[in-house]
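**Student:** My questions will all concern the structure given below.
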Amino acid sequence: MQIDSQIKRLLFNTVRVDTELEDGSSGSGTAFIVDHMHRTGLRQFIVTNRHLVENVRRGGLVFTQKRDDQPLIGRRFHLDIEDFSAAWFPHPDPAVDLAIVPLAPLDAAAHAQGVALYYHGIDSRLTLSGSDMHQFDALEEILFIGYPSGIWDHVNLMPILRRGTTATPLALNFEGRDEFLIDAAVFPGSSGSPVFVAEPEKGRGLRPTKPNYRFAGVIAAVFFREETNQIVPAPVPAAATGATFTGAEMVDLGLVIKAKAVLEILDAYFVRRSD
């Protein structure tokens with residue numbers, strides 16, 4: 001497969017997170033790579049939800065290997081991270097469910113084992129800002145990528161591409177927070193999935209044949225209907241092996257942290273490191 005389109009590159013933007021919790025149960029979720037231009041040069045980070053990496057006994061990330069700058073489809077490399085939970089830097093606001101880890105030492109650890117990793121990062125300069133979001137209508141097409149219910153093409157190491165729409169206007173902050181809702185099937189394992197929105201073609205009301213997708217946010221929660229018929233948001237859990245969910249049903253509404261929070265956590269990381 002030639003990696004010759006934006007969507008194909010997005011397939012290698014995500015990495016699978018495999019975890020083992022303190023109670024011995026295992027789970028999986030989604031993380032993704034961001035390219036961030038700092039005054040010290042290009043820095044790369046892996047981003048996911050804080051709740052996915054907290055209280056984890058051990059964990060690792062699954063990458064595709066490369067040769068001659070091309071992906072070796074199906075050739076995996078499982079990178080275990082020592083002291084997994086402590087390796088992640090959380091967003092300074094405890095209410096924002098994000099955490100990051102620098103990619104460079106992980107890349108170096110792979111190289112030390114004779115392995116080159118294939119991936120594509122999201123350019124942080126191209127993320128949707130508050131002013132950008134006013135160009136979108138109240139209902140827009142979205143795309144998100146990850147490992148819902150732990151499902152993936154484990155032979156070719158491909159994540160799952162899913163579509164949906166915005167369920168609240170991007171220009172507004174849902175319930176006063178830097179978040180918006182999507183109308184899409186969000187399942188355990190989708191936690192940490194990057195969300196992209198199809199950008200309108202400038203100057204015309206028509207969509208381009210191949211829309212440009214802009215990074216809009218990170219899936220963090222899903223709405224459940226409880227036994228009492230109340231509908232409440234809850235963090236998207238990791239896809240746990242053999243797990244069953246009783247007493248509640250998902251209502252196909254996902255809560256997305258706006259992309260600006262990813263820029264905030266990157267800024268906070270560099271401030272902390274300069275202290």
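In the structure tokens, chains take letters A, B, ... by order of appearance, with residues numbered from 1 within each chain and ligands from 1 in the order shown.
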Region 76-80 of chain A: which residues within 8 Å, counting only C-alpha atoms, same-chain residues fewer than 2 positions away excluded, as a list in words?

**Tutor:**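 Listed by chain and then number, they are Arg58, Gly59, Gly60, Leu61, Val62, Phe63, Thr64, Gln65, Gly74, Glu82, Leu106, Ala110, Val115, Leu117 and Leu157 of chain A.
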
**Student:** Would you write out those residues with N, CA and C atoms, as an mmCIF file, in the first residue's frame?

**Tutor:**
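Output saved as out_33.cif:
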```cif
data_model
loop_
_atom_site.group_PDB
_atom_site.id
_atom_site.type_symbol
_atom_site.label_atom_id
_atom_site.label_comp_id
_atom_site.auth_asym_id
_atom_site.auth_seq_id
_atom_site.Cartn_x
_atom_site.Cartn_y
_atom_site.Cartn_z
ATOM 1 N N ARG A 58 1.486 -2.002 34.175
ATOM 2 C CA ARG A 58 2.455 -1.961 33.076
ATOM 3 C C ARG A 58 1.705 -1.656 31.777
ATOM 4 N N GLY A 59 2.445 -1.100 30.837
ATOM 5 C CA GLY A 59 1.798 -0.744 29.579
ATOM 6 C C GLY A 59 2.808 -0.596 28.465
ATOM 7 N N GLY A 60 2.299 -0.553 27.255
ATOM 8 C CA GLY A 60 3.163 -0.408 26.091
ATOM 9 C C GLY A 60 2.393 0.106 24.900
ATOM 10 N N LEU A 61 3.127 0.427 23.846
ATOM 11 C CA LEU A 61 2.564 0.975 22.623
ATOM 12 C C LEU A 61 2.944 0.079 21.454
ATOM 13 N N VAL A 62 2.029 -0.052 20.499
ATOM 14 C CA VAL A 62 2.269 -0.908 19.333
ATOM 15 C C VAL A 62 2.484 -0.036 18.101
ATOM 16 N N PHE A 63 3.648 -0.172 17.481
ATOM 17 C CA PHE A 63 4.014 0.579 16.284
ATOM 18 C C PHE A 63 4.189 -0.369 15.102
ATOM 19 N N THR A 64 4.130 0.219 13.901
ATOM 20 C CA THR A 64 4.546 -0.464 12.682
ATOM 21 C C THR A 64 6.014 -0.145 12.433
ATOM 22 N N GLN A 65 6.786 -1.130 12.015
ATOM 23 C CA GLN A 65 8.195 -0.901 11.702
ATOM 24 C C GLN A 65 8.332 -0.318 10.282
ATOM 25 N N GLY A 74 2.250 -4.838 8.716
ATOM 26 C CA GLY A 74 2.100 -6.076 9.472
ATOM 27 C C GLY A 74 3.283 -6.424 10.353
ATOM 28 N N GLU A 82 8.745 1.523 30.795
ATOM 29 C CA GLU A 82 9.008 1.269 32.209
ATOM 30 C C GLU A 82 8.314 2.319 33.061
ATOM 31 N N LEU A 106 11.397 7.094 23.252
ATOM 32 C CA LEU A 106 10.801 5.829 22.832
ATOM 33 C C LEU A 106 11.371 5.413 21.475
ATOM 34 N N ALA A 110 13.693 2.043 20.590
ATOM 35 C CA ALA A 110 13.471 1.120 19.476
ATOM 36 C C ALA A 110 14.731 0.985 18.624
ATOM 37 N N VAL A 115 15.437 -1.378 15.569
ATOM 38 C CA VAL A 115 14.114 -1.229 14.943
ATOM 39 C C VAL A 115 13.860 0.244 14.619
ATOM 40 N N LEU A 117 10.826 2.919 13.548
ATOM 41 C CA LEU A 117 9.375 3.009 13.675
ATOM 42 C C LEU A 117 8.794 3.891 12.572
ATOM 43 N N LEU A 157 -1.921 -4.433 11.248
ATOM 44 C CA LEU A 157 -1.702 -3.407 12.275
ATOM 45 C C LEU A 157 -2.426 -2.102 11.953
#
```

**Student:** Work out how far apart CA of Thr14 (chain A) and CA of Leu253 (chain A) are and give it in Å to one decimal.

**Tutor:**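 Taking CA of Thr14 (chain A) as the start and CA of Leu253 (chain A) as the end point, the length is 21.6 Å.
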
**Student:** Neighbouring residues of Gly164 (chain A) were defined as those with any atom within 8 Å, considering only C-alpha atoms; residues of the same chain fewer than 2 positions away were excluded. Please report them as a count of residues only.

**Tutor:** 9

**Student:** With only C-alpha atoms as the basis for distance, which of A:Asn173, A:Ser193, A:Thr127, A:Gln135 is at the shortest distance from Thr48 (chain A)?

**Tutor:**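 Answer, going by the shortest atom-to-atom distance: A:Ser193.
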
**Student:** Output as an NGL selection string all residues of region 29-121 of chain A that backbone DSSP marks as helix (DSSP H, G or I).

**Tutor:** :A and (50-53 or 84-87 or 104-112)

**Student:** Dump N, CA and C atoms for the selected residues as a PDB file, in the first residue's frame?

**Tutor:**
```pdb
ATOM      1  N   ARG A  50      -5.767  10.919  30.042  1.00  0.00           N
ATOM      2  CA  ARG A  50      -5.150  10.687  31.341  1.00  0.00           C
ATOM      3  C   ARG A  50      -5.717   9.433  32.005  1.00  0.00           C
ATOM      4  N   HIS A  51      -7.048   9.250  31.894  1.00  0.00           N
ATOM      5  CA  HIS A  51      -7.654   8.113  32.604  1.00  0.00           C
ATOM      6  C   HIS A  51      -7.206   6.768  32.026  1.00  0.00           C
ATOM      7  N   LEU A  52      -6.671   6.784  30.806  1.00  0.00           N
ATOM      8  CA  LEU A  52      -6.230   5.541  30.184  1.00  0.00           C
ATOM      9  C   LEU A  52      -4.879   5.079  30.726  1.00  0.00           C
ATOM     10  N   VAL A  53      -4.077   6.003  31.228  1.00  0.00           N
ATOM     11  CA  VAL A  53      -2.713   5.654  31.647  1.00  0.00           C
ATOM     12  C   VAL A  53      -2.516   5.715  33.157  1.00  0.00           C
ATOM     13  N   PHE A  84       5.096   2.851  33.637  1.00  0.00           N
ATOM     14  CA  PHE A  84       4.216   3.390  32.603  1.00  0.00           C
ATOM     15  C   PHE A  84       3.453   4.630  33.055  1.00  0.00           C
ATOM     16  N   SER A  85       2.737   4.550  34.163  1.00  0.00           N
ATOM     17  CA  SER A  85       1.895   5.680  34.578  1.00  0.00           C
ATOM     18  C   SER A  85       2.720   6.934  34.842  1.00  0.00           C
ATOM     19  N   ALA A  86       3.891   6.764  35.486  1.00  0.00           N
ATOM     20  CA  ALA A  86       4.718   7.914  35.843  1.00  0.00           C
ATOM     21  C   ALA A  86       5.365   8.558  34.622  1.00  0.00           C
ATOM     22  N   ALA A  87       5.431   7.855  33.502  1.00  0.00           N
ATOM     23  CA  ALA A  87       6.090   8.392  32.306  1.00  0.00           C
ATOM     24  C   ALA A  87       5.278   9.500  31.644  1.00  0.00           C
ATOM     25  N   ALA A 104      10.702  11.011  21.471  1.00  0.00           N
ATOM     26  CA  ALA A 104      12.127  10.825  21.168  1.00  0.00           C
ATOM     27  C   ALA A 104      12.774   9.686  21.960  1.00  0.00           C
ATOM     28  N   PRO A 105      12.591   9.615  23.296  1.00  0.00           N
ATOM     29  CA  PRO A 105      13.234   8.505  24.016  1.00  0.00           C
ATOM     30  C   PRO A 105      12.666   7.143  23.649  1.00  0.00           C
ATOM     31  N   LEU A 106      11.397   7.094  23.252  1.00  0.00           N
ATOM     32  CA  LEU A 106      10.801   5.829  22.832  1.00  0.00           C
ATOM     33  C   LEU A 106      11.371   5.413  21.475  1.00  0.00           C
ATOM     34  N   ASP A 107      11.519   6.395  20.591  1.00  0.00           N
ATOM     35  CA  ASP A 107      12.119   6.130  19.284  1.00  0.00           C
ATOM     36  C   ASP A 107      13.558   5.636  19.463  1.00  0.00           C
ATOM     37  N   ALA A 108      14.280   6.276  20.389  1.00  0.00           N
ATOM     38  CA  ALA A 108      15.663   5.882  20.644  1.00  0.00           C
ATOM     39  C   ALA A 108      15.736   4.467  21.205  1.00  0.00           C
ATOM     40  N   ALA A 109      14.799   4.119  22.076  1.00  0.00           N
ATOM     41  CA  ALA A 109      14.782   2.772  22.653  1.00  0.00           C
ATOM     42  C   ALA A 109      14.558   1.722  21.571  1.00  0.00           C
ATOM     43  N   ALA A 110      13.693   2.043  20.590  1.00  0.00           N
ATOM     44  CA  ALA A 110      13.471   1.120  19.476  1.00  0.00           C
ATOM     45  C   ALA A 110      14.731   0.985  18.624  1.00  0.00           C
ATOM     46  N   HIS A 111      15.360   2.121  18.323  1.00  0.00           N
ATOM     47  CA  HIS A 111      16.584   2.094  17.515  1.00  0.00           C
ATOM     48  C   HIS A 111      17.682   1.287  18.203  1.00  0.00           C
ATOM     49  N   ALA A 112      17.726   1.369  19.549  1.00  0.00           N
ATOM     50  CA  ALA A 112      18.732   0.609  20.294  1.00  0.00           C
ATOM     51  C   ALA A 112      18.540  -0.895  20.112  1.00  0.00           C
TER      52      ALA A 112
END
```

**Student:** Nearest to Val222 (chain A) among A:Pro194, A:Gly254, A:Gly189, A:Gly121, with distances taken over only C-alpha atoms: which residue is it?

**Tutor:**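 Answer, going by the shortest atom-to-atom distance: A:Gly254.
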
**Student:** Please run DSSP on the backbone and report, as an MDAnalysis selection string, all residues within region 43-226 of chain A that come out as strand (DSSP E).

**Tutor:** chainID A and resid 43:48 56:67 70:81 89:90 99:102 117:118 122:123 141:146 160:166 179:183 194:199 212:226

**Student:** Which is closer to Asp18 (chain A) than all the others in A:Gly150, A:Gly114, A:Pro92, A:Gly41, using only C-alpha atoms?

**Tutor:** A:Gly150

**Student:** Can you list, as a PyMOL selection string, every protein, DNA or RNA residue that comes within 8 Å of Lys258 (chain A) when you count only C-alpha atoms, leaving out same-chain residues fewer than 4 positions away?

**Tutor:** chain A and resi 178-180+216-218+262

**Student:** Selection from above, N, CA, C and O atoms, as a compact mmCIF listing (two decimals), in the first residue's frame, can you write it?

**Tutor:**
```txt
# COMPACT_ATOMS: atom_id res chain seq x y z
N ASP A 178 -14.27 23.62 27.09
CA ASP A 178 -13.66 23.54 25.77
C ASP A 178 -13.85 22.14 25.20
O ASP A 178 -12.90 21.37 25.01
N GLU A 179 -15.09 21.82 24.91
CA GLU A 179 -15.48 20.50 24.44
C GLU A 179 -16.63 20.63 23.45
O GLU A 179 -17.32 21.66 23.40
N PHE A 180 -16.86 19.60 22.65
CA PHE A 180 -18.04 19.52 21.81
C PHE A 180 -18.48 18.06 21.73
O PHE A 180 -17.74 17.15 22.14
N ALA A 216 -9.41 18.33 15.26
CA ALA A 216 -10.37 19.11 16.04
C ALA A 216 -10.39 18.77 17.52
O ALA A 216 -10.82 19.60 18.33
N GLY A 217 -9.96 17.55 17.90
CA GLY A 217 -10.01 17.22 19.31
C GLY A 217 -9.74 15.76 19.60
O GLY A 217 -9.33 15.00 18.71
N VAL A 218 -10.00 15.38 20.86
CA VAL A 218 -9.68 14.04 21.36
C VAL A 218 -10.90 13.47 22.08
O VAL A 218 -11.46 14.13 22.98
N VAL A 262 -4.71 20.32 23.65
CA VAL A 262 -3.45 19.65 23.33
C VAL A 262 -2.33 20.68 23.26
O VAL A 262 -1.21 20.44 23.76
```

**Student:** Of the residues A:Val186, A:Phe196, A:Leu126, A:Val34, which is the one nearest to Val251 (chain A), using only C-alpha atoms?

**Tutor:** A:Val186

**Student:** Find the residues around Ile73 (chain A) up to 12 Å (only C-alpha atoms counted), leave out those fewer than 5 positions away in its own chain, and share them as a list in words.

**Tutor:** Met1, Gln2, Ile3, Leu11, Phe12, Phe63, Thr64, Gln65, Lys66, Arg67, Leu117, Tyr118, Tyr119, Asp153, His154, Val155, Asn156, Leu157 and Met158 of chain A

**Student:** Please dump the current selection as a CSV table (one decimal), in the first residue's frame; keep N, CA and C atoms.

**Tutor:**
```csv
chain,number,residue,atom,x,y,z
A,1,MET,N,0.8,-1.2,0.0
A,1,MET,CA,0.0,0.0,0.0
A,1,MET,C,0.9,1.2,0.0
A,2,GLN,N,0.7,2.1,-1.0
A,2,GLN,CA,1.4,3.4,-1.1
A,2,GLN,C,0.8,4.4,-0.1
A,3,ILE,N,1.6,5.1,0.7
A,3,ILE,CA,1.0,6.1,1.6
A,3,ILE,C,1.1,7.4,0.9
A,11,LEU,N,-3.7,6.8,9.1
A,11,LEU,CA,-3.7,5.4,9.6
A,11,LEU,C,-2.5,5.2,10.5
A,12,PHE,N,-1.4,6.0,10.2
A,12,PHE,CA,-0.1,5.8,10.9
A,12,PHE,C,0.1,6.9,11.9
A,63,PHE,N,3.6,-0.2,17.5
A,63,PHE,CA,4.0,0.6,16.3
A,63,PHE,C,4.2,-0.4,15.1
A,64,THR,N,4.1,0.2,13.9
A,64,THR,CA,4.5,-0.5,12.7
A,64,THR,C,6.0,-0.1,12.4
A,65,GLN,N,6.8,-1.1,12.0
A,65,GLN,CA,8.2,-0.9,11.7
A,65,GLN,C,8.3,-0.3,10.3
A,66,LYS,N,9.5,0.2,10.0
A,66,LYS,CA,9.8,0.8,8.7
A,66,LYS,C,11.1,0.3,8.1
A,67,ARG,N,11.2,0.5,6.8
A,67,ARG,CA,12.5,0.2,6.1
A,67,ARG,C,12.5,1.2,4.9
A,117,LEU,N,10.8,2.9,13.5
A,117,LEU,CA,9.4,3.0,13.7
A,117,LEU,C,8.8,3.9,12.6
A,118,TYR,N,7.6,3.5,12.0
A,118,TYR,CA,7.0,4.3,11.0
A,118,TYR,C,5.8,4.9,11.6
A,119,TYR,N,5.7,6.2,11.4
A,119,TYR,CA,4.5,7.0,12.0
A,119,TYR,C,4.4,8.3,11.3
A,153,ASP,N,-7.1,-4.4,12.7
A,153,ASP,CA,-6.6,-5.4,11.8
A,153,ASP,C,-5.2,-5.8,12.4
A,154,HIS,N,-5.2,-6.8,13.2
A,154,HIS,CA,-4.0,-7.2,13.9
A,154,HIS,C,-3.0,-7.8,13.0
A,155,VAL,N,-3.4,-8.3,11.8
A,155,VAL,CA,-2.4,-8.8,10.8
A,155,VAL,C,-1.7,-7.7,10.1
A,156,ASN,N,-2.4,-6.6,9.7
A,156,ASN,CA,-1.8,-5.5,9.0
A,156,ASN,C,-1.5,-4.3,10.0
A,157,LEU,N,-1.9,-4.4,11.2
A,157,LEU,CA,-1.7,-3.4,12.3
A,157,LEU,C,-2.4,-2.1,12.0
A,158,MET,N,-3.6,-2.2,11.3
A,158,MET,CA,-4.4,-1.0,11.0
A,158,MET,C,-5.4,-0.7,12.0
```

**Student:** With only C-alpha atoms as the counted atoms, please give the residues lying no more than 12 Å from Pro90 (chain A), apart from itself and same-chain residues fewer than 3 positions off, as a count of residues only.

**Tutor:** 30

**Student:** If we count only C-alpha atoms and set the cut-off at 6 Å, which residues sit around Ser191 (chain A), ignoring sequence neighbours fewer than 2 positions away in its own chain? Please answer as a ChimeraX atom specification.

**Tutor:** /A:29-30,189,193,219-220,236

**Student:** By how many Å are CA of Ala171 (chain A) and CA of Ala198 (chain A) apart?

**Tutor:** 14.7 Å

**Student:** Which one is closest to Leu255 (chain A): A:Val15, A:Val271, A:Met37, A:Ala221? Count only C-alpha atoms.

**Tutor:** A:Ala221
